[in-house]
Amino acid sequence: MKKVLTGLAMAVLGFSLQAQELRDTLDASHVSAIREKLQNTTQTGLVHIESKDLNSGVAVFGTPDVIKKLQMLPGVAAGNELMSGLFVHGGDGNDNLFLLDGVPLYNISHFGGLFSSFNTDIIDNLDFYKSGFPARYGGRMSSVVDVETREGNMEKIHGSLSLGLIDGRVQLEGPIVKGKTSFNLGLRRSWMELVTIPAVRYANRRNGEDETVDGSYAMWDINARITHRFAPGNELNACFYTGADKLRATLEQMEHYDGEDGIRRDSPSRMEIGVKWGSLTGSLSHQYRFSKKLRRKTTLYYSQSTSDTGYRFGIHDWNGAVETLTSMDDNDVSFVREAGLSSNWDWYPNHSHHVRYGFSAQYHWYHSGRAFTSSTVQGGEMVRAAADDESQGYRSFEPVVYVEDEFFIRYNLTLNAGVRLAFFSTSGRTWTSPEPRVAFKWLINNHISAKMSYTRMSQFAHLVAAVYMDLPSNSWMPSTASARPMVSDQVSGGIYTGWGPFKFNLEGWYKTMDHILAYNGSNTFVPPITEWEKSFTEGRGRSWGMELEATYGKGPLELTAYYTLSWSQRKFEAVYGDWYPDRNDNRHKINLVASWHIGKRWSLFANWNFHSGNRITFPSHYIVVNGNRRYLYDAPYNTVLPAYHRLDLGADFLTVFRSGRSLKINLSVYNAYNHLNASLAFLRSGRDGAFSGMAYGLVPIIPTFSVTYKF
């Protein structure tokens with residue numbers, strides 16, 4: 001009987017297996033199924049990444065990183081080097097929806113963007129949408145990154161220990177009640193103190209007694225998931241995430257003065273900087289299958305992102321024999337909190353339809369505050385004192401309903417049509433946003449499919465930032481009567497092919513963005529708080545381009561080439577009267593990725609990255625007014641920096657012990673041929689009035705090393 005069942009199973013799957021090849025063939029069929037799913041799914045712009053792909057390859061600083069993996073894909077710009085920027089199809093970087101187990105995550109990076117908040121040890125898979133967004137997603141304009149953590153093993157305890165260049169990771173999973181309840185726990189912490197403490201001691205030894213520096217940085221995060229199965233099709237999941245960064249720096253100096261009265265006096269000063277920021281999320285979700293045709297997932301969640309930045313300065317000075325005490329204290333606090341409930345349903349009325357519908361309701365609380373004091377005491381008397389406290393808070397409510405239906409028009413024609421209706425209410429103003437979505441797929445034959453899609457996306461949250469950097473001083477604010485919701489419309493389409501080990505995809509898009517904001521305030525790192533809308537001007541954006549992907553994968557060798565040809569433009573009437581290039585308007589982008597698995601022990605990886613230079617604004621000429629030069633500009637972002645390129649190399653050495661435990665050593669080299677790409681640029685003007693620019697690179701070759709032990 002067993003042989004008969006096995007034979008039937010092999011016939012259904014369409015291939016035959018030998019017993020000793022069972023595991024390898026099943027793995028290969030799993031990969032083939034994923035590729036076939038991506039080729040045959042109705043949506044355009046979808047990339048599916050499995051856990052094993054996240055944890056292999058080049059690991060910068062010895063730590064696999066989700067965002068840096070996505071930066072390799074076509075249609076995505078990375079922004080500043082080494083940072084966790086994600087600029088998708090001309091987006092601004094603050095218009096990406098990040099979901100961790102269905103919960104929105106507002107802060108997605110550590111160390112100012114050096115690496116992301118997603119711990120790959122506990123991730124099961126992720127879906128990345130650049131276009132063709134299904135109606136069940138919304139709230140951001142440019143992309144969706146939907147990350148799902150892995151449920152723990154129901155039968156045995158497993159885990160891993162990883163040591164990288166700047167952090168260490170521990171992952172542990174196993175049963176709480178065998179076959180019923182499991183847990184999965186991931187912890188990560190930096191050990192930058194091992195570098196900063198000796199560096200600070202060395203600096204103090206060189207500076208002497210008159211100058212003392214101190215400082216430290218630490219980051220940590222925790223992921224946890226508990227899964228309980230009441231019965232097949234009846235499952236409860238509790239997920240938790242918290243992560244934080246803490247930066248502290250002090251500088252003490254001592255200067256000596258010989259006063260007019262002949263007395264030598266000391267003038268000490270002290271400067272302190274303290275920054276703390278982080279996120280916390282928690283969710284409880286219940287999945288229930290009523291029948292083969294109907295299932296439901298209900299999630300109750302909470303998410304928050306906070307930052308606290310403090311600066312303190314004090315100096316004792318002398319004016320002759322009169323002592324002067326000057327002090328300044330500045331503290332900035334901001335947070336966004338969100339509580340929500342969602343219910344998502346899947347209904348299969350027949351073999352031709354898959355209907356998804358549901359609702360969600362989110363309550364948001366945005367807050368930013370600043371407290372500034374300064375004083376001067378001279379000769380024991382207060383001669384100057386100032387204080388400035390300001391804060392801004394909003395509470396908003398966002399209910400959403402959606403429905404979408406994916407159905408077969410005929411055997412080779414599929415249509416996904418849906419609509420999302422979002423409401424947003426704050427400060428006595430309610431916005432209504434209908435968002436139609438449609439995607440069409442034509443399966444030309446078993447190897448070729450054509451797709452087209454149209455989507456509208458709305459975004460009610462604005463990132464208030466004075467600079468294009470991921471800083472803790474940035475804060476989130478909602479749409480108000482003076483800052484309307486941002487809206488994007490995107491049309492995309494392409495041809496997707498696959499013959500055996502070869503895959504070739506060609507996709508194009510055109511996207512418009514309305515009511516986007518640009519900062520027009522003073523040159524400062526700290527954004528405005530009260531009446532923040534007055535420091536921003538409203539404008540439009542547009543982006544279009546073409547993406548190419550060519551992949552060969554057979555046996556131990558896989559080669560992939562990505563190419564992007566794109567345009568990204570902005571139009572802000574208050575800045576410039578016509579369309580002008582965006583700062584991330586990289587005309588060409590090329591990524592070449594190779595992996596080679598040599599036997600069971602060695603794996604080699606190589607990535608080569610190229611893109612046209614980012615843009616900056618330089619004066620085009622100057623005039624002399626009253627003997628002083630006045631610089632004039634012909635257009636924003638009128639200068640292109642030198643082209644960016646680098647080579648990354650990596651190697652994995654894997655040892656599997658008889659007990660089933662394994663040890664993996666990863667060696668990675670970032671920027672292997674040490675090309676200093678432009679990070680800063682300065683303008684020079686000669687006596688003849690001609691301008692010349694000088695670009696400087698800051699990131700050299702970075703070799704890294706990590707060890708992972710699995711048990």
# chains A, B, ... in the order shown; residues from 1 in each chain; ligands from 1
>>> residues_around(residues="stretch 578-588 of chain A", least_positions_apart="5", cutoff="10 Å", atoms="only C-alpha atoms", output="number ranges by chain")
A: 76-80, 87, 89-92, 468, 540-543, 545, 563-573, 610-617, 635-640, 643-644
>>> closest_atom_pairs(of="stretch 386-421 of chain A", to="stretch 115-134 of chain A", cutoff="9 Å", atoms="only C-alpha atoms", output="Markdown table")
| residue | atom | partner | partner_atom | distance |
| --- | --- | --- | --- | --- |
| A:Glu404 | CA | A:Pro134 | CA | 7.6 |
| A:Asn416 | CA | A:Pro134 | CA | 8.1 |
| A:Ala417 | CA | A:Pro134 | CA | 8.5 |
| A:Gly418 | CA | A:Pro134 | CA | 7.5 |
| A:Val419 | CA | A:Pro134 | CA | 8.8 |
>>> write_last_selection(atoms="all heavy atoms", output="mmCIF file, in the first residue's frame")
data_model
loop_
_atom_site.group_PDB
_atom_site.id
_atom_site.type_symbol
_atom_site.label_atom_id
_atom_site.label_comp_id
_atom_site.auth_asym_id
_atom_site.auth_seq_id
_atom_site.Cartn_x
_atom_site.Cartn_y
_atom_site.Cartn_z
ATOM 1 N N GLU A 404 -11.133 42.727 -2.922
ATOM 2 C CA GLU A 404 -10.472 42.419 -4.186
ATOM 3 C C GLU A 404 -10.840 41.011 -4.610
ATOM 4 O O GLU A 404 -11.097 40.136 -3.772
ATOM 5 C CB GLU A 404 -8.954 42.564 -4.061
ATOM 6 C CG GLU A 404 -8.304 41.607 -3.077
ATOM 7 C CD GLU A 404 -6.789 41.759 -3.024
ATOM 8 O OE1 GLU A 404 -6.119 41.069 -3.823
ATOM 9 O OE2 GLU A 404 -6.297 42.538 -2.200
ATOM 10 N N ASN A 416 -7.125 40.719 -11.413
ATOM 11 C CA ASN A 416 -7.262 41.048 -9.998
ATOM 12 C C ASN A 416 -7.787 42.476 -9.922
ATOM 13 O O ASN A 416 -7.077 43.421 -10.279
ATOM 14 C CB ASN A 416 -5.926 40.919 -9.268
ATOM 15 C CG ASN A 416 -6.052 41.170 -7.771
ATOM 16 O OD1 ASN A 416 -6.433 42.255 -7.341
ATOM 17 N ND2 ASN A 416 -5.709 40.169 -6.976
ATOM 18 N N ALA A 417 -9.018 42.626 -9.483
ATOM 19 C CA ALA A 417 -9.645 43.942 -9.404
ATOM 20 C C ALA A 417 -10.104 44.175 -7.974
ATOM 21 O O ALA A 417 -10.667 43.274 -7.333
ATOM 22 C CB ALA A 417 -10.828 44.044 -10.369
ATOM 23 N N GLY A 418 -9.837 45.375 -7.471
ATOM 24 C CA GLY A 418 -10.236 45.671 -6.106
ATOM 25 C C GLY A 418 -10.270 47.154 -5.846
ATOM 26 O O GLY A 418 -9.867 47.973 -6.681
ATOM 27 N N VAL A 419 -10.752 47.504 -4.682
ATOM 28 C CA VAL A 419 -10.783 48.898 -4.266
ATOM 29 C C VAL A 419 -10.566 48.959 -2.764
ATOM 30 O O VAL A 419 -11.004 48.075 -2.017
ATOM 31 C CB VAL A 419 -12.122 49.569 -4.651
ATOM 32 C CG1 VAL A 419 -13.295 48.905 -3.937
ATOM 33 C CG2 VAL A 419 -12.086 51.071 -4.359
#
>>> residues_around(residues="stretch 343-346 of chain A", least_positions_apart="6", cutoff="12 Å", atoms="only C-alpha atoms", output="PyMOL selection string")
chain A and resi 102+135-137+284-301+353-361+399-406
>>> write_last_selection(atoms="N, CA, C and O atoms", output="compact mmCIF listing (two decimals), in the first residue's frame")
# COMPACT_ATOMS: atom_id res chain seq x y z
N GLY A 102 2.48 41.82 10.09
CA GLY A 102 1.26 42.58 9.88
C GLY A 102 1.18 43.88 10.64
O GLY A 102 0.17 44.59 10.53
N ALA A 135 -5.28 45.39 -3.01
CA ALA A 135 -6.11 46.31 -2.24
C ALA A 135 -5.94 46.13 -0.74
O ALA A 135 -6.29 47.03 0.03
N ARG A 136 -5.42 45.00 -0.30
CA ARG A 136 -5.27 44.78 1.13
C ARG A 136 -4.13 45.58 1.75
O ARG A 136 -3.99 45.64 2.97
N TYR A 137 -3.28 46.19 0.91
CA TYR A 137 -2.18 47.02 1.41
C TYR A 137 -2.48 48.50 1.16
O TYR A 137 -3.06 48.86 0.13
N LEU A 284 -1.44 40.20 18.47
CA LEU A 284 -2.11 38.93 18.75
C LEU A 284 -3.01 38.66 17.56
O LEU A 284 -3.92 39.44 17.27
N SER A 285 -2.74 37.58 16.85
CA SER A 285 -3.51 37.27 15.64
C SER A 285 -4.07 35.85 15.73
O SER A 285 -3.40 34.93 16.21
N HIS A 286 -5.28 35.72 15.23
CA HIS A 286 -5.98 34.43 15.23
C HIS A 286 -6.37 34.09 13.81
O HIS A 286 -7.01 34.88 13.12
N GLN A 287 -5.93 32.92 13.36
CA GLN A 287 -6.28 32.42 12.03
C GLN A 287 -7.24 31.24 12.18
O GLN A 287 -6.96 30.31 12.95
N TYR A 288 -8.32 31.30 11.43
CA TYR A 288 -9.33 30.24 11.54
C TYR A 288 -9.84 29.88 10.15
O TYR A 288 -10.21 30.76 9.37
N ARG A 289 -9.85 28.58 9.86
CA ARG A 289 -10.37 28.10 8.60
C ARG A 289 -11.75 27.49 8.84
O ARG A 289 -11.89 26.45 9.49
N PHE A 290 -12.77 28.19 8.34
CA PHE A 290 -14.14 27.70 8.50
C PHE A 290 -14.40 26.49 7.63
O PHE A 290 -15.12 25.56 8.03
N SER A 291 -13.82 26.52 6.42
CA SER A 291 -13.98 25.42 5.47
C SER A 291 -12.90 25.57 4.43
O SER A 291 -12.04 26.47 4.52
N LYS A 292 -12.92 24.72 3.43
CA LYS A 292 -11.95 24.83 2.36
C LYS A 292 -12.14 26.11 1.56
O LYS A 292 -11.22 26.57 0.88
N LYS A 293 -13.31 26.70 1.68
CA LYS A 293 -13.62 27.89 0.88
C LYS A 293 -13.50 29.20 1.65
O LYS A 293 -13.51 30.27 1.04
N LEU A 294 -13.40 29.14 2.97
CA LEU A 294 -13.43 30.38 3.74
C LEU A 294 -12.46 30.30 4.92
O LEU A 294 -12.48 29.34 5.69
N ARG A 295 -11.62 31.34 5.04
CA ARG A 295 -10.75 31.45 6.21
C ARG A 295 -10.60 32.93 6.58
O ARG A 295 -10.82 33.83 5.76
N ARG A 296 -10.21 33.14 7.85
CA ARG A 296 -10.15 34.50 8.38
C ARG A 296 -8.91 34.67 9.25
O ARG A 296 -8.50 33.74 9.95
N LYS A 297 -8.34 35.88 9.21
CA LYS A 297 -7.24 36.23 10.09
C LYS A 297 -7.56 37.57 10.74
O LYS A 297 -7.74 38.58 10.07
N THR A 298 -7.61 37.58 12.07
CA THR A 298 -7.90 38.79 12.83
C THR A 298 -6.69 39.14 13.69
O THR A 298 -6.14 38.26 14.37
N THR A 299 -6.28 40.40 13.64
CA THR A 299 -5.07 40.84 14.34
C THR A 299 -5.36 42.09 15.17
O THR A 299 -5.95 43.05 14.67
N LEU A 300 -4.94 42.03 16.42
CA LEU A 300 -4.97 43.19 17.31
C LEU A 300 -3.52 43.57 17.59
O LEU A 300 -2.73 42.71 18.00
N TYR A 301 -3.16 44.85 17.39
CA TYR A 301 -1.74 45.19 17.50
C TYR A 301 -1.52 46.57 18.10
O TYR A 301 -2.43 47.40 18.17
N HIS A 353 -12.57 31.96 -8.74
CA HIS A 353 -12.50 33.20 -7.97
C HIS A 353 -11.77 33.00 -6.65
O HIS A 353 -11.94 31.98 -5.99
N HIS A 354 -10.98 34.00 -6.29
CA HIS A 354 -10.39 34.10 -4.96
C HIS A 354 -10.68 35.52 -4.48
O HIS A 354 -10.06 36.49 -4.93
N VAL A 355 -11.60 35.65 -3.56
CA VAL A 355 -12.05 36.95 -3.07
C VAL A 355 -11.38 37.23 -1.72
O VAL A 355 -11.42 36.39 -0.81
N ARG A 356 -10.77 38.39 -1.61
CA ARG A 356 -10.21 38.86 -0.34
C ARG A 356 -10.95 40.14 0.06
O ARG A 356 -11.13 41.04 -0.75
N TYR A 357 -11.35 40.21 1.31
CA TYR A 357 -12.01 41.41 1.79
C TYR A 357 -11.72 41.55 3.28
O TYR A 357 -11.28 40.61 3.95
N GLY A 358 -11.97 42.74 3.79
CA GLY A 358 -11.70 42.95 5.20
C GLY A 358 -11.78 44.41 5.58
O GLY A 358 -12.14 45.28 4.78
N PHE A 359 -11.42 44.67 6.81
CA PHE A 359 -11.43 46.04 7.33
C PHE A 359 -10.31 46.18 8.36
O PHE A 359 -9.77 45.20 8.88
N SER A 360 -9.98 47.42 8.64
CA SER A 360 -9.03 47.72 9.70
C SER A 360 -9.39 49.09 10.28
O SER A 360 -10.03 49.91 9.64
N ALA A 361 -8.96 49.28 11.50
CA ALA A 361 -9.16 50.56 12.17
C ALA A 361 -7.92 50.85 13.00
O ALA A 361 -7.48 50.02 13.80
N PRO A 399 -10.09 54.47 9.70
CA PRO A 399 -10.77 53.23 9.34
C PRO A 399 -10.62 52.94 7.85
O PRO A 399 -10.58 53.87 7.03
N VAL A 400 -10.52 51.67 7.49
CA VAL A 400 -10.30 51.25 6.10
C VAL A 400 -11.14 50.01 5.82
O VAL A 400 -11.25 49.11 6.68
N VAL A 401 -11.73 49.95 4.64
CA VAL A 401 -12.38 48.74 4.14
C VAL A 401 -11.83 48.45 2.75
O VAL A 401 -11.44 49.37 2.03
N TYR A 402 -11.77 47.18 2.38
CA TYR A 402 -11.27 46.83 1.05
C TYR A 402 -11.92 45.55 0.58
O TYR A 402 -12.43 44.73 1.38
N VAL A 403 -11.89 45.35 -0.72
CA VAL A 403 -12.32 44.10 -1.34
C VAL A 403 -11.56 43.93 -2.64
O VAL A 403 -11.30 44.91 -3.35
N GLU A 404 -11.13 42.73 -2.92
CA GLU A 404 -10.47 42.42 -4.19
C GLU A 404 -10.84 41.01 -4.61
O GLU A 404 -11.10 40.14 -3.77
N ASP A 405 -10.87 40.82 -5.90
CA ASP A 405 -11.24 39.51 -6.45
C ASP A 405 -10.25 39.16 -7.54
O ASP A 405 -10.04 39.93 -8.49
N GLU A 406 -9.60 38.04 -7.38
CA GLU A 406 -8.72 37.51 -8.42
C GLU A 406 -9.44 36.34 -9.08
O GLU A 406 -9.72 35.33 -8.42
>>> select_by_dssp(residues="stretch 72-305 of chain A", states="strand (DSSP E)", output="MDAnalysis selection string")
chainID A and resid 76:77 87:88 96:100 103:104 109:110 115:116 123:129 143:149 158:163 167:177 181:190 211:231 234:258 264:291 294:305
>>> residues_around(residues="A:Leu97", least_positions_apart="3", cutoff="12 Å", atoms="only C-alpha atoms", output="number ranges by chain")
A: 86-88, 91, 93-94, 100, 102-108, 127-130, 133, 137-147, 457-461
>>> decode(residues="stretch 609-633 of chain A", atoms="N, CA, C and O atoms", output="short mmCIF file (atom, residue, chain, number, x, y, z; two decimals), in the first residue's frame")
data_model
loop_
_atom_site.label_atom_id
_atom_site.label_comp_id
_atom_site.auth_asym_id
_atom_site.auth_seq_id
_atom_site.Cartn_x
_atom_site.Cartn_y
_atom_site.Cartn_z
N ASN A 609 28.14 46.55 -8.16
CA ASN A 609 27.11 47.57 -8.15
C ASN A 609 27.59 48.80 -8.91
O ASN A 609 28.70 49.28 -8.70
N PHE A 610 26.71 49.31 -9.75
CA PHE A 610 27.00 50.54 -10.49
C PHE A 610 25.73 51.36 -10.61
O PHE A 610 24.64 50.80 -10.83
N HIS A 611 25.84 52.67 -10.44
CA HIS A 611 24.74 53.54 -10.81
C HIS A 611 25.26 54.93 -11.12
O HIS A 611 26.33 55.35 -10.63
N SER A 612 24.54 55.64 -11.95
CA SER A 612 24.89 57.02 -12.25
C SER A 612 24.90 57.82 -10.95
O SER A 612 24.16 57.52 -10.01
N GLY A 613 25.70 58.86 -10.91
CA GLY A 613 25.89 59.60 -9.66
C GLY A 613 24.63 60.30 -9.17
O GLY A 613 23.76 60.69 -9.96
N ASN A 614 24.54 60.43 -7.85
CA ASN A 614 23.47 61.22 -7.26
C ASN A 614 23.66 62.69 -7.63
O ASN A 614 24.71 63.10 -8.12
N ARG A 615 22.63 63.49 -7.33
CA ARG A 615 22.65 64.89 -7.74
C ARG A 615 22.76 65.82 -6.54
O ARG A 615 22.25 65.52 -5.46
N ILE A 616 23.41 66.95 -6.75
CA ILE A 616 23.49 68.01 -5.76
C ILE A 616 23.26 69.34 -6.46
O ILE A 616 23.26 69.42 -7.69
N THR A 617 23.05 70.39 -5.68
CA THR A 617 22.83 71.72 -6.24
C THR A 617 24.08 72.57 -6.08
O THR A 617 24.57 72.77 -4.97
N PHE A 618 24.61 73.05 -7.20
CA PHE A 618 25.77 73.94 -7.22
C PHE A 618 25.38 75.26 -7.90
O PHE A 618 24.53 75.27 -8.80
N PRO A 619 25.99 76.36 -7.50
CA PRO A 619 25.74 77.62 -8.21
C PRO A 619 26.18 77.52 -9.67
O PRO A 619 27.18 76.88 -9.99
N SER A 620 25.41 78.18 -10.53
CA SER A 620 25.78 78.20 -11.95
C SER A 620 26.62 79.43 -12.29
O SER A 620 27.41 79.41 -13.22
N HIS A 621 26.46 80.53 -11.52
CA HIS A 621 27.26 81.73 -11.73
C HIS A 621 27.08 82.65 -10.52
O HIS A 621 26.33 82.32 -9.60
N TYR A 622 27.76 83.77 -10.54
CA TYR A 622 27.60 84.72 -9.45
C TYR A 622 27.68 86.14 -9.99
O TYR A 622 28.20 86.40 -11.09
N ILE A 623 27.15 87.06 -9.19
CA ILE A 623 27.26 88.48 -9.50
C ILE A 623 27.87 89.17 -8.29
O ILE A 623 27.82 88.64 -7.18
N VAL A 624 28.44 90.34 -8.50
CA VAL A 624 29.07 91.08 -7.42
C VAL A 624 28.16 92.24 -7.03
O VAL A 624 27.80 93.08 -7.87
N VAL A 625 27.73 92.26 -5.77
CA VAL A 625 26.87 93.31 -5.24
C VAL A 625 27.58 93.95 -4.06
O VAL A 625 27.88 93.28 -3.07
N ASN A 626 27.88 95.25 -4.20
CA ASN A 626 28.58 95.99 -3.15
C ASN A 626 29.89 95.31 -2.74
O ASN A 626 30.24 95.21 -1.56
N GLY A 627 30.57 94.79 -3.73
CA GLY A 627 31.86 94.16 -3.49
C GLY A 627 31.78 92.73 -2.99
O GLY A 627 32.82 92.10 -2.77
N ASN A 628 30.58 92.19 -2.83
CA ASN A 628 30.41 90.82 -2.34
C ASN A 628 29.81 89.94 -3.43
O ASN A 628 28.97 90.40 -4.22
N ARG A 629 30.25 88.72 -3.46
CA ARG A 629 29.70 87.77 -4.42
C ARG A 629 28.32 87.28 -3.99
O ARG A 629 28.11 86.95 -2.83
N ARG A 630 27.43 87.22 -4.94
CA ARG A 630 26.10 86.66 -4.70
C ARG A 630 25.90 85.51 -5.68
O ARG A 630 25.88 85.73 -6.90
N TYR A 631 25.81 84.30 -5.15
CA TYR A 631 25.74 83.11 -5.99
C TYR A 631 24.31 82.88 -6.48
O TYR A 631 23.34 83.03 -5.73
N LEU A 632 24.20 82.50 -7.74
CA LEU A 632 22.90 82.27 -8.37
C LEU A 632 22.84 80.83 -8.89
O LEU A 632 23.87 80.23 -9.24
N TYR A 633 21.63 80.30 -8.95
CA TYR A 633 21.42 78.90 -9.32
C TYR A 633 20.44 78.84 -10.49
O TYR A 633 19.39 79.50 -10.46
#
